[in-house]
Amino acid sequence: MQMEKRPKIKITIIDRKGPKGCHRGHKVGDTFDFDTERGKICPMAMHVLFPEIDILRYGGEVPGQEKGTAVVTCPDADTLTVFKVERIESQHVKLDFNKLLKQIFDYDPDGSNIHHLMAVHEYSVLIAQMENVDEHTLLITELAAYLHDIGVKISKEKYGNSQPQHQEAEGPAIAKNLLAPLGLPAEDVERICFIIGHHHTYKAIDGIDFQILVEADFIVNLMEGYCKRGSIPAMKENIFKTETGKYLLEQMFEKSAR
């Protein structure tokens, strides 16, 4: 279970009043993520935005405003730029991972497979958090980690083995069915299934969510003995890209082996 984080705050410029343009260059339609882009916002505007942001971020509501929002103007008399502050509730917090996990365990009640997916999930979360990914990326990464090997069972039944190409071919359809009760946007399901369907095809890595899953999977496979430790230098050179993933390789396998 992940610790609940404060909700995101989205700031949008929705109007401008007065004869002059914004001295900072802000325009109607500009949007900002408070956590990562607040430095781009005019300091005078931030001075009046901070109280509203704190109220919304810590669960309060601004009297007379639509729930989860606040509309304020900057203090510049020459051009009143109008900002809308919105609390973005984290989908990651609302999803019930416990139900999904029960579905996965019921589908494939193999102890070693369950241990593997849980370990890959934990390392995926560790890398994602240390790499400071956003909430949505964390959500995709977690779900892909839980489901990345969901094709193992049917591959063994159909082909007599769980070779990577069989896992990649069979896994996405099963994952899609298991994800359906969560009510995720179609593009999120598509992304998760793409990662599952290519998680042994390293040339296909096209994003930090996919990259983190692959690195976590390698770390666990090394711990479980499915990868030879002699291959670590090549992994670090050719596959691992995140600073956290490389750090874990060094600490867990290179330095500990000395």
# chains A, B, ... in the order shown; residues from 1 in each chain; ligands from 1

call {"tool": "select_by_dssp", "arguments": {"residues": "region 34-144 of chain A", "states": "alpha helix (DSSP H)", "output": "JSON, numbers by chain"}}
result
{"A": [34, 35, 36, 37, 43, 44, 45, 46, 47, 48, 49, 50, 51, 52, 53, 54, 55, 56, 57, 91, 92, 93, 94, 97, 98, 99, 100, 101, 102, 103, 104, 105, 106, 107, 111, 112, 113, 114, 115, 116, 117, 118, 119, 120, 121, 122, 123, 124, 125, 126, 127, 128, 129, 130, 135, 136, 137, 138, 139, 140, 141, 142, 143, 144]}

call {"tool": "residues_around", "arguments": {"residues": "Gly197 (chain A)", "least_positions_apart": "5", "cutoff": "10 Å", "atoms": "only C-alpha atoms", "output": "JSON, numbers by chain"}}
result
{"A": [148, 149, 151, 164, 165, 166, 167, 168, 169, 170, 171, 172, 173, 175, 191, 192]}

call {"tool": "write_last_selection", "arguments": {"atoms": "N, CA and C atoms", "output": "mmCIF file, in the first residue's frame"}}
result
data_model
loop_
_atom_site.group_PDB
_atom_site.id
_atom_site.type_symbol
_atom_site.label_atom_id
_atom_site.label_comp_id
_atom_site.auth_asym_id
_atom_site.auth_seq_id
_atom_site.Cartn_x
_atom_site.Cartn_y
_atom_site.Cartn_z
ATOM 1 N N HIS A 148 3.111 -7.460 -15.532
ATOM 2 C CA HIS A 148 4.064 -7.658 -16.625
ATOM 3 C C HIS A 148 4.231 -9.121 -17.020
ATOM 4 N N ASP A 149 4.113 -10.051 -16.075
ATOM 5 C CA ASP A 149 4.289 -11.476 -16.375
ATOM 6 C C ASP A 149 2.972 -12.237 -16.393
ATOM 7 N N GLY A 151 1.266 -13.185 -18.699
ATOM 8 C CA GLY A 151 1.200 -14.161 -19.791
ATOM 9 C C GLY A 151 1.942 -15.449 -19.523
ATOM 10 N N PRO A 164 10.018 -15.529 -23.568
ATOM 11 C CA PRO A 164 9.611 -14.116 -23.641
ATOM 12 C C PRO A 164 8.643 -13.795 -24.763
ATOM 13 N N GLN A 165 8.862 -14.342 -25.945
ATOM 14 C CA GLN A 165 7.974 -14.022 -27.062
ATOM 15 C C GLN A 165 6.550 -14.511 -26.828
ATOM 16 N N HIS A 166 6.397 -15.605 -26.092
ATOM 17 C CA HIS A 166 5.061 -16.107 -25.776
ATOM 18 C C HIS A 166 4.390 -15.223 -24.725
ATOM 19 N N GLN A 167 5.151 -14.838 -23.703
ATOM 20 C CA GLN A 167 4.608 -13.927 -22.688
ATOM 21 C C GLN A 167 4.107 -12.626 -23.325
ATOM 22 N N GLU A 168 4.927 -12.075 -24.211
ATOM 23 C CA GLU A 168 4.571 -10.803 -24.841
ATOM 24 C C GLU A 168 3.340 -10.942 -25.724
ATOM 25 N N ALA A 169 3.190 -12.090 -26.365
ATOM 26 C CA ALA A 169 2.041 -12.302 -27.249
ATOM 27 C C ALA A 169 0.751 -12.533 -26.471
ATOM 28 N N GLU A 170 0.842 -13.242 -25.361
ATOM 29 C CA GLU A 170 -0.361 -13.662 -24.639
ATOM 30 C C GLU A 170 -0.771 -12.709 -23.513
ATOM 31 N N GLY A 171 0.191 -11.990 -22.964
ATOM 32 C CA GLY A 171 -0.088 -11.196 -21.779
ATOM 33 C C GLY A 171 -1.064 -10.046 -21.942
ATOM 34 N N PRO A 172 -0.976 -9.238 -23.002
ATOM 35 C CA PRO A 172 -1.821 -8.041 -23.086
ATOM 36 C C PRO A 172 -3.321 -8.301 -23.014
ATOM 37 N N ALA A 173 -3.811 -9.336 -23.676
ATOM 38 C CA ALA A 173 -5.254 -9.595 -23.669
ATOM 39 C C ALA A 173 -5.747 -9.933 -22.263
ATOM 40 N N ALA A 175 -4.252 -9.040 -19.444
ATOM 41 C CA ALA A 175 -4.124 -7.814 -18.656
ATOM 42 C C ALA A 175 -5.293 -6.874 -18.902
ATOM 43 N N ARG A 191 -1.511 1.786 -22.966
ATOM 44 C CA ARG A 191 -0.111 1.957 -22.600
ATOM 45 C C ARG A 191 0.401 0.794 -21.751
ATOM 46 N N ILE A 192 -0.378 0.399 -20.756
ATOM 47 C CA ILE A 192 0.017 -0.715 -19.890
ATOM 48 C C ILE A 192 0.173 -1.995 -20.705
#

call {"tool": "residues_around", "arguments": {"residues": "Phe210 (chain A)", "least_positions_apart": "3", "cutoff": "10 Å", "atoms": "only C-alpha atoms", "output": "ChimeraX atom specification"}}
result
/A:124,137,140-141,144-145,191-192,194-196,198-199,202,204-207,213-215

call {"tool": "write_last_selection", "arguments": {"atoms": "N, CA, C and O atoms", "output": "PDB file, in the first residue's frame"}}
result
ATOM      1  N   SER A 124       9.974  -1.164  -8.713  1.00  0.00           N
ATOM      2  CA  SER A 124       9.468  -0.169  -9.662  1.00  0.00           C
ATOM      3  C   SER A 124       9.053   1.097  -8.937  1.00  0.00           C
ATOM      4  O   SER A 124       9.368   2.217  -9.370  1.00  0.00           O
ATOM      5  N   THR A 137       2.435   8.785 -14.185  1.00  0.00           N
ATOM      6  CA  THR A 137       3.484   7.859 -14.597  1.00  0.00           C
ATOM      7  C   THR A 137       3.667   6.762 -13.558  1.00  0.00           C
ATOM      8  O   THR A 137       3.871   5.592 -13.902  1.00  0.00           O
ATOM      9  N   ILE A 140       0.854   4.138 -14.020  1.00  0.00           N
ATOM     10  CA  ILE A 140       1.097   3.245 -15.150  1.00  0.00           C
ATOM     11  C   ILE A 140       2.208   2.258 -14.814  1.00  0.00           C
ATOM     12  O   ILE A 140       2.109   1.057 -15.105  1.00  0.00           O
ATOM     13  N   THR A 141       3.257   2.750 -14.173  1.00  0.00           N
ATOM     14  CA  THR A 141       4.393   1.902 -13.821  1.00  0.00           C
ATOM     15  C   THR A 141       3.980   0.806 -12.846  1.00  0.00           C
ATOM     16  O   THR A 141       4.358  -0.366 -13.005  1.00  0.00           O
ATOM     17  N   ALA A 144       1.708  -1.798 -14.642  1.00  0.00           N
ATOM     18  CA  ALA A 144       2.516  -2.611 -15.550  1.00  0.00           C
ATOM     19  C   ALA A 144       3.374  -3.605 -14.768  1.00  0.00           C
ATOM     20  O   ALA A 144       3.552  -4.755 -15.200  1.00  0.00           O
ATOM     21  N   ALA A 145       3.891  -3.183 -13.615  1.00  0.00           N
ATOM     22  CA  ALA A 145       4.706  -4.077 -12.789  1.00  0.00           C
ATOM     23  C   ALA A 145       3.877  -5.247 -12.264  1.00  0.00           C
ATOM     24  O   ALA A 145       4.318  -6.402 -12.296  1.00  0.00           O
ATOM     25  N   ARG A 191      -1.511   1.786 -22.966  1.00  0.00           N
ATOM     26  CA  ARG A 191      -0.111   1.957 -22.600  1.00  0.00           C
ATOM     27  C   ARG A 191       0.401   0.794 -21.751  1.00  0.00           C
ATOM     28  O   ARG A 191       1.487   0.257 -21.993  1.00  0.00           O
ATOM     29  N   ILE A 192      -0.378   0.399 -20.756  1.00  0.00           N
ATOM     30  CA  ILE A 192       0.017  -0.715 -19.890  1.00  0.00           C
ATOM     31  C   ILE A 192       0.173  -1.995 -20.705  1.00  0.00           C
ATOM     32  O   ILE A 192       1.148  -2.738 -20.553  1.00  0.00           O
ATOM     33  N   PHE A 194       0.792  -2.224 -23.883  1.00  0.00           N
ATOM     34  CA  PHE A 194       1.966  -2.103 -24.754  1.00  0.00           C
ATOM     35  C   PHE A 194       3.230  -2.495 -23.998  1.00  0.00           C
ATOM     36  O   PHE A 194       4.079  -3.240 -24.513  1.00  0.00           O
ATOM     37  N   ILE A 195       3.371  -1.998 -22.780  1.00  0.00           N
ATOM     38  CA  ILE A 195       4.562  -2.331 -21.982  1.00  0.00           C
ATOM     39  C   ILE A 195       4.624  -3.829 -21.722  1.00  0.00           C
ATOM     40  O   ILE A 195       5.674  -4.462 -21.882  1.00  0.00           O
ATOM     41  N   ILE A 196       3.491  -4.418 -21.344  1.00  0.00           N
ATOM     42  CA  ILE A 196       3.442  -5.857 -21.088  1.00  0.00           C
ATOM     43  C   ILE A 196       3.813  -6.638 -22.348  1.00  0.00           C
ATOM     44  O   ILE A 196       4.546  -7.625 -22.292  1.00  0.00           O
ATOM     45  N   HIS A 198       5.760  -5.861 -24.677  1.00  0.00           N
ATOM     46  CA  HIS A 198       7.110  -5.610 -25.195  1.00  0.00           C
ATOM     47  C   HIS A 198       8.164  -5.620 -24.088  1.00  0.00           C
ATOM     48  O   HIS A 198       9.284  -5.173 -24.312  1.00  0.00           O
ATOM     49  N   HIS A 199       7.833  -6.129 -22.904  1.00  0.00           N
ATOM     50  CA  HIS A 199       8.737  -5.907 -21.777  1.00  0.00           C
ATOM     51  C   HIS A 199      10.031  -6.709 -21.842  1.00  0.00           C
ATOM     52  O   HIS A 199      10.931  -6.489 -21.015  1.00  0.00           O
ATOM     53  N   TYR A 202      13.785  -4.754 -25.586  1.00  0.00           N
ATOM     54  CA  TYR A 202      14.358  -3.556 -24.983  1.00  0.00           C
ATOM     55  C   TYR A 202      14.523  -2.400 -25.968  1.00  0.00           C
ATOM     56  O   TYR A 202      14.543  -1.235 -25.562  1.00  0.00           O
ATOM     57  N   ALA A 204      12.264  -1.475 -27.768  1.00  0.00           N
ATOM     58  CA  ALA A 204      10.940  -0.838 -27.816  1.00  0.00           C
ATOM     59  C   ALA A 204      10.716   0.154 -26.681  1.00  0.00           C
ATOM     60  O   ALA A 204       9.695   0.840 -26.658  1.00  0.00           O
ATOM     61  N   ILE A 205      11.638   0.232 -25.742  1.00  0.00           N
ATOM     62  CA  ILE A 205      11.466   1.142 -24.602  1.00  0.00           C
ATOM     63  C   ILE A 205      11.326   2.573 -25.107  1.00  0.00           C
ATOM     64  O   ILE A 205      12.195   3.082 -25.807  1.00  0.00           O
ATOM     65  N   ASP A 206      10.225   3.200 -24.744  1.00  0.00           N
ATOM     66  CA  ASP A 206       9.920   4.523 -25.288  1.00  0.00           C
ATOM     67  C   ASP A 206       9.447   5.520 -24.231  1.00  0.00           C
ATOM     68  O   ASP A 206       8.833   6.527 -24.564  1.00  0.00           O
ATOM     69  N   GLY A 207       9.705   5.226 -22.964  1.00  0.00           N
ATOM     70  CA  GLY A 207       9.254   6.137 -21.919  1.00  0.00           C
ATOM     71  C   GLY A 207       9.780   5.708 -20.568  1.00  0.00           C
ATOM     72  O   GLY A 207      10.227   4.563 -20.377  1.00  0.00           O
ATOM     73  N   LEU A 213      10.124  -0.220 -15.351  1.00  0.00           N
ATOM     74  CA  LEU A 213       9.663  -1.610 -15.240  1.00  0.00           C
ATOM     75  C   LEU A 213      10.763  -2.579 -15.649  1.00  0.00           C
ATOM     76  O   LEU A 213      11.035  -3.569 -14.949  1.00  0.00           O
ATOM     77  N   VAL A 214      11.437  -2.291 -16.742  1.00  0.00           N
ATOM     78  CA  VAL A 214      12.506  -3.172 -17.224  1.00  0.00           C
ATOM     79  C   VAL A 214      13.646  -3.242 -16.214  1.00  0.00           C
ATOM     80  O   VAL A 214      14.161  -4.327 -15.909  1.00  0.00           O
ATOM     81  N   GLU A 215      14.042  -2.106 -15.658  1.00  0.00           N
ATOM     82  CA  GLU A 215      15.139  -2.100 -14.687  1.00  0.00           C
ATOM     83  C   GLU A 215      14.757  -2.871 -13.423  1.00  0.00           C
ATOM     84  O   GLU A 215      15.562  -3.655 -12.894  1.00  0.00           O
TER      85      GLU A 215
END

call {"tool": "closest_residue", "arguments": {"among": "A:Arg229, A:Arg16, A:Lys8, A:Lys176", "to": "Asp78 (chain A)", "atoms": "only C-alpha atoms"}}
result
A:Arg16

call {"tool": "select_by_dssp", "arguments": {"residues": "region 54-208 of chain A", "states": "strand (DSSP E or B)", "output": "ChimeraX atom specification"}}
result
/A:69-73,80-88

call {"tool": "write_last_selection", "arguments": {"atoms": "N, CA, C and O atoms", "output": "compact mmCIF listing (two decimals), in the first residue's frame"}}
result
# COMPACT_ATOMS: atom_id res chain seq x y z
N THR A 69 -11.75 24.37 -6.42
CA THR A 69 -11.17 25.41 -7.26
C THR A 69 -11.17 26.75 -6.53
O THR A 69 -11.85 26.94 -5.53
N ALA A 70 -10.40 27.68 -7.10
CA ALA A 70 -10.41 29.07 -6.64
C ALA A 70 -10.00 29.94 -7.82
O ALA A 70 -9.10 29.58 -8.58
N VAL A 71 -10.68 31.07 -7.99
CA VAL A 71 -10.34 32.02 -9.04
C VAL A 71 -9.85 33.29 -8.38
O VAL A 71 -10.55 33.87 -7.54
N VAL A 72 -8.64 33.71 -8.73
CA VAL A 72 -8.04 34.91 -8.14
C VAL A 72 -7.36 35.73 -9.23
O VAL A 72 -7.05 35.21 -10.30
N THR A 73 -7.12 37.00 -8.94
CA THR A 73 -6.41 37.85 -9.88
C THR A 73 -5.08 38.29 -9.29
O THR A 73 -4.91 38.35 -8.07
N LEU A 80 -5.03 43.01 -14.94
CA LEU A 80 -5.45 42.00 -13.98
C LEU A 80 -5.51 40.64 -14.68
O LEU A 80 -6.43 40.37 -15.46
N THR A 81 -4.53 39.83 -14.41
CA THR A 81 -4.52 38.47 -14.98
C THR A 81 -5.29 37.56 -14.03
O THR A 81 -5.05 37.55 -12.82
N VAL A 82 -6.24 36.80 -14.59
CA VAL A 82 -7.13 35.97 -13.78
C VAL A 82 -6.65 34.53 -13.82
O VAL A 82 -6.51 33.94 -14.90
N PHE A 83 -6.40 33.98 -12.64
CA PHE A 83 -5.90 32.61 -12.51
C PHE A 83 -6.98 31.71 -11.91
O PHE A 83 -7.67 32.11 -10.97
N LYS A 84 -7.07 30.50 -12.44
CA LYS A 84 -7.93 29.48 -11.83
C LYS A 84 -7.03 28.41 -11.22
O LYS A 84 -6.17 27.84 -11.90
N VAL A 85 -7.22 28.16 -9.95
CA VAL A 85 -6.46 27.13 -9.24
C VAL A 85 -7.36 25.91 -9.08
O VAL A 85 -8.51 26.04 -8.63
N GLU A 86 -6.87 24.74 -9.44
CA GLU A 86 -7.68 23.52 -9.37
C GLU A 86 -6.93 22.43 -8.60
O GLU A 86 -5.74 22.21 -8.82
N ARG A 87 -7.63 21.77 -7.73
CA ARG A 87 -7.09 20.60 -7.05
C ARG A 87 -7.35 19.39 -7.92
O ARG A 87 -8.49 19.10 -8.28
N ILE A 88 -6.29 18.66 -8.29
CA ILE A 88 -6.41 17.48 -9.13
C ILE A 88 -6.27 16.26 -8.24
O ILE A 88 -5.18 15.94 -7.77

call {"tool": "closest_residue", "arguments": {"among": "A:Val62, A:Cys74, A:Met46, A:Leu117", "to": "Glu224 (chain A)", "atoms": "only C-alpha atoms"}}
result
A:Leu117

call {"tool": "residues_around", "arguments": {"residues": "Gln103 (chain A)", "least_positions_apart": "4", "cutoff": "12 Å", "atoms": "only C-alpha atoms", "output": "MDAnalysis selection string"}}
result
chainID A and resid 96:99 107:109 114 146:147 150 174:175 177:182

call {"tool": "atom_distance", "arguments": {"atom1": "CA of Lys255 (chain A)", "atom2": "CA of Ser112 (chain A)"}}
result
27.2 Å

call {"tool": "atom_distance", "arguments": {"atom1": "CA of Arg24 (chain A)", "atom2": "CA of Arg57 (chain A)"}}
result
25.5 Å

call {"tool": "closest_residue", "arguments": {"among": "A:Ile53, A:Pro185, A:Ile13, A:Asp209", "to": "Val28 (chain A)", "atoms": "only C-alpha atoms"}}
result
A:Ile13

call {"tool": "atom_distance", "arguments": {"atom1": "CA of Gly29 (chain A)", "atom2": "CA of Val189 (chain A)"}}
result
29.1 Å

call {"tool": "closest_residue", "arguments": {"among": "A:Val133, A:Leu101, A:Ala216, A:Met252", "to": "Phe240 (chain A)", "atoms": "only C-alpha atoms"}}
result
A:Ala216

call {"tool": "decode", "arguments": {"residues": "region 51-63 of chain A", "atoms": "all heavy atoms", "output": "short mmCIF file (atom, residue, chain, number, x, y, z; two decimals), in the first residue's frame"}}
result
data_model
loop_
_atom_site.label_atom_id
_atom_site.label_comp_id
_atom_site.auth_asym_id
_atom_site.auth_seq_id
_atom_site.Cartn_x
_atom_site.Cartn_y
_atom_site.Cartn_z
N PRO A 51 -2.14 31.39 -0.69
CA PRO A 51 -3.17 31.04 0.31
C PRO A 51 -4.25 30.11 -0.25
O PRO A 51 -4.69 29.18 0.43
CB PRO A 51 -3.75 32.40 0.70
CG PRO A 51 -2.67 33.38 0.38
CD PRO A 51 -2.00 32.85 -0.84
N GLU A 52 -4.68 30.37 -1.50
CA GLU A 52 -5.71 29.52 -2.11
C GLU A 52 -5.18 28.12 -2.36
O GLU A 52 -5.87 27.11 -2.15
CB GLU A 52 -6.20 30.14 -3.43
CG GLU A 52 -6.42 31.64 -3.40
CD GLU A 52 -7.50 32.04 -2.42
OE1 GLU A 52 -8.50 31.31 -2.28
OE2 GLU A 52 -7.35 33.11 -1.77
N ILE A 53 -3.93 28.05 -2.80
CA ILE A 53 -3.32 26.74 -3.07
C ILE A 53 -3.24 25.92 -1.79
O ILE A 53 -3.58 24.73 -1.77
CB ILE A 53 -1.92 26.94 -3.69
CG1 ILE A 53 -2.04 27.48 -5.11
CG2 ILE A 53 -1.13 25.63 -3.68
CD1 ILE A 53 -0.74 27.95 -5.71
N ASP A 54 -2.82 26.53 -0.70
CA ASP A 54 -2.70 25.81 0.56
C ASP A 54 -4.06 25.30 1.05
O ASP A 54 -4.18 24.17 1.54
CB ASP A 54 -2.07 26.70 1.64
CG ASP A 54 -0.56 26.68 1.58
OD1 ASP A 54 -0.01 25.88 0.80
OD2 ASP A 54 0.07 27.46 2.31
N ILE A 55 -5.08 26.13 0.90
CA ILE A 55 -6.42 25.71 1.32
C ILE A 55 -6.86 24.47 0.54
O ILE A 55 -7.32 23.48 1.12
CB ILE A 55 -7.44 26.85 1.11
CG1 ILE A 55 -7.18 27.98 2.11
CG2 ILE A 55 -8.88 26.34 1.26
CD1 ILE A 55 -7.97 29.24 1.83
N LEU A 56 -6.69 24.51 -0.77
CA LEU A 56 -7.15 23.40 -1.62
C LEU A 56 -6.29 22.16 -1.44
O LEU A 56 -6.80 21.05 -1.36
CB LEU A 56 -7.14 23.83 -3.09
CG LEU A 56 -8.12 24.94 -3.47
CD1 LEU A 56 -7.90 25.37 -4.92
CD2 LEU A 56 -9.57 24.48 -3.27
N ARG A 57 -4.99 22.35 -1.34
CA ARG A 57 -4.08 21.21 -1.27
C ARG A 57 -4.26 20.40 0.00
O ARG A 57 -4.07 19.19 0.02
CB ARG A 57 -2.63 21.69 -1.40
CG ARG A 57 -1.61 20.57 -1.37
CD ARG A 57 -0.31 21.02 -1.96
NE ARG A 57 0.00 20.27 -3.16
CZ ARG A 57 1.20 20.27 -3.73
NH1 ARG A 57 2.15 21.00 -3.26
NH2 ARG A 57 1.43 19.54 -4.79
N TYR A 58 -4.65 21.07 1.08
CA TYR A 58 -4.80 20.36 2.35
C TYR A 58 -6.25 20.02 2.67
O TYR A 58 -6.62 19.80 3.82
CB TYR A 58 -4.15 21.17 3.48
CG TYR A 58 -2.65 21.19 3.36
CD1 TYR A 58 -2.00 22.28 2.78
CD2 TYR A 58 -1.89 20.11 3.77
CE1 TYR A 58 -0.61 22.28 2.63
CE2 TYR A 58 -0.51 20.11 3.64
CZ TYR A 58 0.12 21.20 3.06
OH TYR A 58 1.50 21.19 2.92
N GLY A 59 -7.07 19.96 1.61
CA GLY A 59 -8.42 19.42 1.76
C GLY A 59 -9.51 20.42 2.02
O GLY A 59 -10.67 20.04 2.17
N GLY A 60 -9.18 21.70 2.10
CA GLY A 60 -10.21 22.70 2.35
C GLY A 60 -10.89 23.18 1.08
O GLY A 60 -10.54 22.78 -0.04
N GLU A 61 -11.87 24.04 1.26
CA GLU A 61 -12.59 24.64 0.14
C GLU A 61 -12.61 26.16 0.34
O GLU A 61 -12.66 26.65 1.48
CB GLU A 61 -14.01 24.10 0.04
CG GLU A 61 -14.11 22.59 -0.12
CD GLU A 61 -13.53 22.08 -1.44
OE1 GLU A 61 -13.36 22.90 -2.37
OE2 GLU A 61 -13.26 20.87 -1.55
N VAL A 62 -12.60 26.88 -0.76
CA VAL A 62 -12.64 28.34 -0.71
C VAL A 62 -14.10 28.79 -0.75
O VAL A 62 -14.81 28.45 -1.69
CB VAL A 62 -11.86 28.95 -1.88
CG1 VAL A 62 -11.94 30.48 -1.84
CG2 VAL A 62 -10.40 28.48 -1.85
N PRO A 63 -14.58 29.50 0.26
CA PRO A 63 -15.98 29.92 0.29
C PRO A 63 -16.39 30.67 -0.99
O PRO A 63 -15.65 31.52 -1.49
CB PRO A 63 -16.05 30.86 1.51
CG PRO A 63 -14.92 30.41 2.37
CD PRO A 63 -13.83 29.99 1.44
#
